[in-house]
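Remarks on the structure that follows.
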Number of protein chains: 2
Amino acid sequence: MRLSLWTVLLLSILFNAAKGTNYHHNPRVTLTEKDVSFRRHRLSGEHNRTELLQGPKDYSIYVGGHRKMFLIDFQAPSQSKEGVCEYDITILHKDEEDLFVCGTNGIHPVCCHTPKETLCSCKTYSAEGSAPFSVNERAPSLYIEKELYSTANLYAQGDGAGIRRHGGTRGRIWSGANKTEQIYVGMTLSGPRADRLQDRIYTFLVERNLDQHPEADLWVSRVTQVCKADRGGTKAILQNQWTSLLSAQLFCGLPERKLGFKHLLDVSILHADSWRDSRVYALFTNGWGMSAVCIYTMGDIDDVFTKSSLKGNRKPVPNSHPIKCVEDSRKLPQEVLRQRKDYQETNDWVRPVNGSGPFMVSHHHYRHIRADRVSGKGLRQHTVLLLSLERGAVHKVLEQNGQAFIIAELHPFSHRTHIQNMLLQPSTKRLYVSTSSEVVELDLRSCQGYGQQCEDCVLARDPYCGWDGSQCTAASGHTIQDVEHGSYLMCKEGGKTAKNVVPHEVHRVPLSARFFLQCPMLSSHAQYRWHHQEQQRECLPAEGQCLLLIEKMSPELEGNYSCVASERDYVWTLIQYELQTEIDTGQLVPSSQHELKTESKSEQLVSFSIAPLLPLLLTLIN
Amino acid sequence: MRLSLWTVLLLSILFNAAKGTNYHHNPRVTLTEKDVSFRRHRLSGEHNRTELLQGPKDYSIYVGGHRKMFLIDFQAPSQSKEGVCEYDITILHKDEEDLFVCGTNGIHPVCCHTPKETLCSCKTYSAEGSAPFSVNERAPSLYIEKELYSTANLYAQGDGAGIRRHGGTRGRIWSGANKTEQIYVGMTLSGPRADRLQDRIYTFLVERNLDQHPEADLWVSRVTQVCKADRGGTKAILQNQWTSLLSAQLFCGLPERKLGFKHLLDVSILHADSWRDSRVYALFTNGWGMSAVCIYTMGDIDDVFTKSSLKGNRKPVPNSHPIKCVEDSRKLPQEVLRQRKDYQETNDWVRPVNGSGPFMVSHHHYRHIRADRVSGKGLRQHTVLLLSLERGAVHKVLEQNGQAFIIAELHPFSHRTHIQNMLLQPSTKRLYVSTSSEVVELDLRSCQGYGQQCEDCVLARDPYCGWDGSQCTAASGHTIQDVEHGSYLMCKEGGKTAKNVVPHEVHRVPLSARFFLQCPMLSSHAQYRWHHQEQQRECLPAEGQCLLLIEKMSPELEGNYSCVASERDYVWTLIQYELQTEIDTGQLVPSSQHELKTESKSEQLVSFSIAPLLPLLLTLIN
């Protein structure tokens with residue numbers, strides 16, 4: 001006994017839950033090597049891990065791999081070089097002077113400083129407690145003023161579990177013993193603040209949930225802070241340990257539906273002029289393999305760390321909370337240090353911007369996230385996310401007013417592969433994608449794949465791209481685009497619409513013969529149909545083609561066919577066919593009429609030739 | 001900084017989580033009106049709710065709708081009839097003598113008894129507190145020995161929230177006030193037991209979760225028991241209320257991954273000879289709109305009700321738990337009644353058979369479930385589930401050793417529609433599916449859609465179907481099937497393989513002409529490929545067809561093409577094409593050679609005609 005209204009209500013709730021918000025879940029276009037120029041570099045050897053770092057020149061990158069380091073110059077490939085190392089690279093940084101490289105042979109981690117051109121032929125020193133022992137250990141790190149801020153999970157060897165700082169003159173600092181397994185995902189400087197003493201390091205991680213509730217997730221995601229100025233506590237309390245460590249849950253979900261994404265996979269930070277406006281783009285997954293992206297501001301994170309009460313802390317000590325970074329934490333009162341040691345978790349959670357839910361929920365299995373800020377028409381700033389997929393593809397996603405629009409699925413590889421790492425170079429707008437054996441450079445301003453017309457270019461809504469009057473090209477002050485609405489009217493207003501030359505094919509098809517019409521389906525957001533003699537016929541979609549199959553040619557099937565697409569309120573014709581019935585002269589027509597078969601495209605001529613034969617043709621068909 | 005091994009591990013965990021178990025998620029075949037004969041009956045009027053009940057004859061059903069009742073005879077449609085009612089039907093039952101009908105006009109619920117042929121033209125009595133006020137309220141019920149066991153959710157008007165019994169001579173009984181919103185989904189008699197006094201009524205429901213934990217689901221699913229013999233308590237305690245009410249959580253999920261399906265949607269019960277072996281097939285959903293089916297035995301449910309401790313009960317009273325049904329519960333000691341009132345929930349959960357997880361996890365949005373037991377070859381019993389989909393389709397699913405195999409997706413409707421209700425008639429193996437305006441009868445033993453060969457029939461793994469030597473037909477003692485493994489070898493062993501006549505088409509295609517080959521893709525579990533001259537070419541899949549597009553005919557494309565499918569270890573050819581290049585006689589061949597164009601299928605003749613022209617052809621092509 002079922003009830004329709006109840007059912008409909010329930011289903012609508014479920015749908016909305018599954019959808020999250022209203023937007024297209026599928027990439028509008030799929031671009032392969034045919035559509036976009038990718039530059040590729042094969043790595044010698046096989047690499048389980050590839051660390052990527054911007055090189056000394058534009059379009060050059062360092063790649064650290066298995067006992068090798070590469071400097072790849074994509075503009076002058078002949079100048080690329082590689083060096084043999086005695087270890088597998090796990091950490092790669094650079095500063096004004098030189099490269100800072102760490103690696104491991106599986107037993108001993110080492111680090112070294114090396115001039116930028118020599119790759120890893122430098123004198124190493126033991127890095128136990130600061131760099132990972134295993135290449136399988138993820139270890140985000142920062143290198144600031146010759147000090148290395150690094151991370152290690154619970155099961156790493158050595159004493160450095162948690163967040164640690166080495167190098168420099170201030171001595172090393174590490175976290176106390178962790179109670180649970182942690183996987184570090186990202187690290188950033190929250191700053192620069194007006195008072196540089198208050199600069200903090202934020203670290204993003206996922207850890208095994210200690211909550212034993214039967215419905216609690218296996219994982220919980222967190223952000224932690226430490227003061228950059230922290231020098232540890234006194235001999236009695238927190239010596240060589242962070243005195244400013246605080247941890248807050250990072251929430252990503254739909255609280256009203258009790259749906260959460262608990263497993264943080266990756267973060268990307270877009271720094272703003274004012275540090276509080278800087279944004280963290282965080283990629284999560286849930287137990288069902290779904291993905292979600294939540295956006296947090298540094299200001300919101302800071303507010304939680306400074307304003308939330310602390311878990312378990314019922315007797316506040318004056319001056320201890322909120323934490324202020326101090327010149328020398330070793331001089332903090334014992335009472336304060338004790339509290340800092342005992343209460344390291346906030347009661348409040350860090351929630352996404354504007355109190356909203358995930359910016360994006362998807363059934364795609366995303367793995368990496370990179371965010372870029374793109375200047376559009378009229379000083380507008382747009383945010384684009386690059387999300388790697390499990391099979392070697394990358395989604396280019398426009399973030400706009402909390403809505404996601406998947407501009408394109410990019411296929412830098414012709415085969416299915418596993419993307420290990422991605423590096424975004426904001427100044428050159430290049431994305432570097434690495435696998436175990438290859439690095440590919442994607443030009444994010446490669447725009448020709450969107451189509452040949454102004455409207456194609458504008459509908460793409462790609463902030464990197466604009467129409468310059470003759471082609472879809474890298475956006476500039478002179479190009480037309482409409483990232484906000486993708487309205488084709490922009491082209492008319494700009495007066496830059498090129499004459500739309502629709503390909504026109506004439507085919508003579510023998511009676512009763514098979515034939516097919518095909519039309520490229522570029523946009524998955526468009527509707528495609530065939531128009532023929534006032535009739536509309538459905539597309540037969542087949543791998544990016546809209547087909548029309550003619551099993552048996554007949555006079556009724558003659559005439560003009562147009563493949564018409566519509567997207568938003570724009571309607572355009574992609575290709576036109578003119579089909580003419582070809583008379584099988586060998587059997588039906590006296591040889592004196594052979595001239596009909598020459599390459600004539602005149603409809604009149606065809607109708608002339610067919611008219612007298614129609615009765616005969618109809619007899620044959622029936 | 002990313003790490004490949006870690007990533008691979010994580011992804012593999014996520015995949016397995018998403019998959020649940022290993023089986024095909026997609027229906028092997030899709031069957032429409034072309035493949036299966038559906039019998040349909042249009043209902044006059046529009047109905048928000050359609051109650052279905054087996055009619056007095058085979059292939060006849062009662063349908064209760066909006067102010068109407070129908071008796072539809074699918075075998076003799078002219079004998080179908082309808083009656084006008086003063087209310088919308090909400091409950092339909094029958095016994096030996098007559099029909100028992102309840103309905104509502106939105107303000108007053110009524111019930112009546114009516115002879116089976118008169119439909120709803122009977123004298124009604126007020127049913128406040130026993131039948132639903134609103135057609136939108138789901139209300140599973142049972143009608144046993146002139147007593148009505150019915151259900152009502154919290155927000156129904158009247159005093160009957162929960163489970164209630166009316167009619168008969170024993171006076172009415174209802175549940176106490178519920179603390180939370182409940183939606184009742186199913187009801188069944190757990191029995192007959194050896195001692196009929198111990199027979200219980202089990203009710204299945206979903207209710208708002210009172211657990212305020214931030215990660216607790218919004219919903220929790222339960223099964224409750226009451227003794228059929230229950231007569232309520234004393235004037236002081238539980239008067240006219242159940243004294244044997246117990247409720248247990250119904251768990252469906254993957255506990256090791258902390259993944260649960262908390263929202264029960266529907267149940268179907270397969271009674272066994274021994275009541276403890278009877279099985280409950282329960283359909284759940286989660287917040288993401290995914291579906292899961294879990295299977296419970298009545299014995300396991302009974303074990304939880306009799307062996308589990310009760311929530312909050314720390315001072316057990318002798319003789320009170322486990323609950324034994326008694327002849328007259330009004331004579332139970334006050335102490336026992338007080339305990340029955342205070343402790344109505346078990347600590348233990350009811351878990352799926354064999355301690356396993358869900359039998360089936362799917363991204364399909366299933367809505368209704370019906371289970372059928374089918375006798376297969378050699379006295380083997382198979383279970384088939386019928387699951388309705390949101391768009392008007394039905395999945396026919398084989399349950400075997402805890403694995404699901406989706407035999408077919410049935411499309412009884414040509415358009416997208418909302419299935420309101422399903423009724424399975426196990427004796428005739430018919431499934432009745434209702435929408436707001438139509439009822440369709442599906443013959444579950446309709447087998448011709450699986451194909452023309454013994455192997456097609458056996459690969460289908462449909463326990464309703466077998467190969468009789470010449471066609472795929474309703475299974476009997478004389479037909480061949482292999483539900484367990486779907487092995488085509490069964491056909492060879494049975495010696496009943498019909499001669500496989502592969503369609504062979506010869507086409508003469510003009511040089512440079514377009515052409516396409518097509519081949520039906522019946523099974524989504526098979527791989528399809530084109531074989532041509534020792535080469536294999538990929539299928540271009542397009543809506544159930546495997547296409548091969550020839551853009552421009554050339555001599556190299558001549559010859560034989562076979563469309564070859566492989567599924568499990570069976571490989572077969574579906575269609576063969578022979579392509580010959582047709583010479584355009586009007587331009588290239590003197591008219592004296594016109595006889596080449598007559599309907600000749602000899603390869604020799606073609607090669608003879610082409611050979612002397614090859615140099616010329618190649619020039620034209622290049």
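All residue names refer to the structure tokens as shown: chains lettered A, B, ... in order, residues numbered from 1 in each chain, ligands numbered from 1 in order.
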Quiz item: Could you pull out the strand (DSSP E) residues of stretch 5-251 of chain A from DSSP and send them as a PyMOL selection string?
Solution: chain A and resi 29-31+38-42+51-54+60-64+68-73+81-84+88-94+98-104+109-115+125-126+142-144+147-152+162-167+173-174+182-190+200-208+219-227+246-249
Which residues come within 9 Å of A:Ala229, counting only C-alpha atoms, excluding same-chain residues fewer than 3 positions away, as a PDB file with N, CA and C atoms, in the first residue's frame?
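As written to disk, result-v3.pdb reads:
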ATOM      1  N   LEU A 197      54.150  39.655  14.334  1.00  0.00           N
ATOM      2  CA  LEU A 197      54.325  38.735  15.460  1.00  0.00           C
ATOM      3  C   LEU A 197      53.119  37.789  15.562  1.00  0.00           C
ATOM      4  N   GLN A 198      51.963  38.238  15.073  1.00  0.00           N
ATOM      5  CA  GLN A 198      50.739  37.423  15.183  1.00  0.00           C
ATOM      6  C   GLN A 198      50.566  36.434  14.033  1.00  0.00           C
ATOM      7  N   ASP A 199      51.515  36.373  13.119  1.00  0.00           N
ATOM      8  CA  ASP A 199      51.397  35.424  12.007  1.00  0.00           C
ATOM      9  C   ASP A 199      51.326  33.988  12.524  1.00  0.00           C
ATOM     10  N   ARG A 200      50.470  33.222  11.889  1.00  0.00           N
ATOM     11  CA  ARG A 200      50.293  31.833  12.299  1.00  0.00           C
ATOM     12  C   ARG A 200      50.494  30.882  11.123  1.00  0.00           C
ATOM     13  N   VAL A 226      49.454  27.179  14.784  1.00  0.00           N
ATOM     14  CA  VAL A 226      50.558  27.444  15.717  1.00  0.00           C
ATOM     15  C   VAL A 226      51.092  28.834  15.388  1.00  0.00           C
ATOM     16  N   CYS A 325      50.135  35.461  20.108  1.00  0.00           N
ATOM     17  CA  CYS A 325      51.513  35.027  19.894  1.00  0.00           C
ATOM     18  C   CYS A 325      52.424  36.005  20.631  1.00  0.00           C
ATOM     19  N   VAL A 326      53.478  35.482  21.253  1.00  0.00           N
ATOM     20  CA  VAL A 326      54.386  36.343  22.031  1.00  0.00           C
ATOM     21  C   VAL A 326      55.812  36.187  21.527  1.00  0.00           C
ATOM     22  N   GLU A 327      56.632  37.166  21.856  1.00  0.00           N
ATOM     23  CA  GLU A 327      58.035  37.179  21.399  1.00  0.00           C
ATOM     24  C   GLU A 327      58.779  35.943  21.861  1.00  0.00           C
ATOM     25  N   ASP A 328      58.601  35.638  23.157  1.00  0.00           N
ATOM     26  CA  ASP A 328      59.311  34.466  23.683  1.00  0.00           C
ATOM     27  C   ASP A 328      58.372  33.644  24.558  1.00  0.00           C
ATOM     28  N   SER A 329      57.843  32.577  23.967  1.00  0.00           N
ATOM     29  CA  SER A 329      56.852  31.759  24.668  1.00  0.00           C
ATOM     30  C   SER A 329      57.477  31.032  25.861  1.00  0.00           C
TER      31      SER A 329
END
Practice problem: Give the helix (DSSP H, G or I) residues of stretch 248-459 of chain A, as DSSP finds them on the backbone, and put them as a ChimeraX atom specification. | Solution: /A:255-257,275-277,298-307,329-331,334-342,353-355,377-379,448-450,454-459
Exercise. Write out as a ChimeraX atom specification the residues lying within 10 Å of A:Glu147, counting only C-alpha atoms and excluding same-chain residues fewer than 5 positions away.
Key: /A:142,165-172
Quiz prompt | Residue neighbourhood stretch 236-240 of chain B, 8 Å, only C-alpha atoms, exclusion window fewer than 5 positions, as a list in words | solution = Gly171, Arg172, Ile173, Trp174, Arg231, Arg330, Gln334, Leu337, Arg338 and Lys341 of chain B
Using N, CA, C and O atoms, can you export the residues from the last selection as an mmCIF file, in the first residue's frame?
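Output file part_33.cif follows:
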data_model
loop_
_atom_site.group_PDB
_atom_site.id
_atom_site.type_symbol
_atom_site.label_atom_id
_atom_site.label_comp_id
_atom_site.auth_asym_id
_atom_site.auth_seq_id
_atom_site.Cartn_x
_atom_site.Cartn_y
_atom_site.Cartn_z
ATOM 1 N N GLY B 171 -12.523 -5.872 21.749
ATOM 2 C CA GLY B 171 -12.324 -4.460 22.090
ATOM 3 C C GLY B 171 -11.091 -3.920 21.396
ATOM 4 O O GLY B 171 -10.248 -4.672 20.910
ATOM 5 N N ARG B 172 -10.991 -2.593 21.340
ATOM 6 C CA ARG B 172 -9.867 -2.056 20.585
ATOM 7 C C ARG B 172 -8.642 -1.842 21.460
ATOM 8 O O ARG B 172 -8.744 -1.606 22.673
ATOM 9 N N ILE B 173 -7.493 -1.919 20.804
ATOM 10 C CA ILE B 173 -6.206 -1.764 21.476
ATOM 11 C C ILE B 173 -5.392 -0.778 20.636
ATOM 12 O O ILE B 173 -5.472 -0.802 19.410
ATOM 13 N N TRP B 174 -4.639 0.099 21.286
ATOM 14 C CA TRP B 174 -3.749 0.969 20.518
ATOM 15 C C TRP B 174 -2.446 1.189 21.254
ATOM 16 O O TRP B 174 -2.285 0.750 22.399
ATOM 17 N N ARG B 231 -4.687 -8.262 24.881
ATOM 18 C CA ARG B 231 -5.986 -7.638 25.133
ATOM 19 C C ARG B 231 -5.828 -6.362 25.952
ATOM 20 O O ARG B 231 -6.804 -5.824 26.480
ATOM 21 N N ARG B 330 -4.981 -8.823 30.522
ATOM 22 C CA ARG B 330 -5.562 -7.961 31.554
ATOM 23 C C ARG B 330 -5.319 -8.521 32.950
ATOM 24 O O ARG B 330 -5.518 -7.842 33.941
ATOM 25 N N GLN B 334 0.531 -6.103 38.102
ATOM 26 C CA GLN B 334 0.802 -4.673 37.933
ATOM 27 C C GLN B 334 2.286 -4.425 37.652
ATOM 28 O O GLN B 334 2.646 -3.604 36.808
ATOM 29 N N LEU B 337 3.105 -5.207 34.109
ATOM 30 C CA LEU B 337 2.546 -4.201 33.206
ATOM 31 C C LEU B 337 3.353 -2.905 33.260
ATOM 32 O O LEU B 337 3.581 -2.259 32.238
ATOM 33 N N ARG B 338 3.770 -2.551 34.482
ATOM 34 C CA ARG B 338 4.546 -1.314 34.609
ATOM 35 C C ARG B 338 5.841 -1.425 33.821
ATOM 36 O O ARG B 338 6.240 -0.513 33.107
ATOM 37 N N LYS B 341 5.265 -1.142 30.146
ATOM 38 C CA LYS B 341 4.999 0.239 29.749
ATOM 39 C C LYS B 341 6.313 1.044 29.670
ATOM 40 O O LYS B 341 6.497 1.875 28.776
#
Exercise. For stretch 283-286 of chain B, work out the shell of residues within 7 Å, counting only C-alpha atoms and skipping chain neighbours fewer than 5 positions away, then give it as number ranges by chain.
Key: B: 261-267, 291-294, 369
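Rounded to one decimal, atom CA of B:Gly378 and atom CA of B:Thr473 lie 17.3 Å from each other.
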Quiz item: Which residues, written as a ChimeraX atom specification, have at least one atom at most 12 Å from B:Gly355, with only C-alpha atoms counted and residues fewer than 5 positions away on the same chain left out?
Solution: /B:251-256,294-297,300,349-350,402
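Atom pair atom CA of A:Gln212 / atom CA of B:Asn347 has a distance of 16.4 Å (rounded to one decimal).
Close contacts of A:Glu582, defined as residues with an atom at most 8 Å away when counting only C-alpha atoms, with chain neighbours fewer than 4 positions off set aside, comprise Arg508, Val509, Pro510, Leu511 and Lys597 of chain A.
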Kindly export the residues of the current selection with N, CA and C atoms, as a PDB file, in the first residue's frame.
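Heads up, here's the output in result_33.pdb:
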ATOM      1  N   ARG A 508      24.434  12.437 -52.685  1.00  0.00           N
ATOM      2  CA  ARG A 508      23.471  11.692 -53.490  1.00  0.00           C
ATOM      3  C   ARG A 508      23.477  10.263 -52.978  1.00  0.00           C
ATOM      4  N   VAL A 509      22.342   9.824 -52.553  1.00  0.00           N
ATOM      5  CA  VAL A 509      22.265   8.503 -51.918  1.00  0.00           C
ATOM      6  C   VAL A 509      21.387   7.607 -52.783  1.00  0.00           C
ATOM      7  N   PRO A 510      21.878   6.451 -53.177  1.00  0.00           N
ATOM      8  CA  PRO A 510      21.048   5.560 -54.007  1.00  0.00           C
ATOM      9  C   PRO A 510      19.785   5.155 -53.267  1.00  0.00           C
ATOM     10  N   LEU A 511      18.740   4.942 -53.997  1.00  0.00           N
ATOM     11  CA  LEU A 511      17.480   4.471 -53.425  1.00  0.00           C
ATOM     12  C   LEU A 511      17.726   3.201 -52.623  1.00  0.00           C
ATOM     13  N   LYS A 597      24.427  12.217 -62.942  1.00  0.00           N
ATOM     14  CA  LYS A 597      25.279  11.768 -61.849  1.00  0.00           C
ATOM     15  C   LYS A 597      26.524  12.613 -61.662  1.00  0.00           C
TER      16      LYS A 597
END
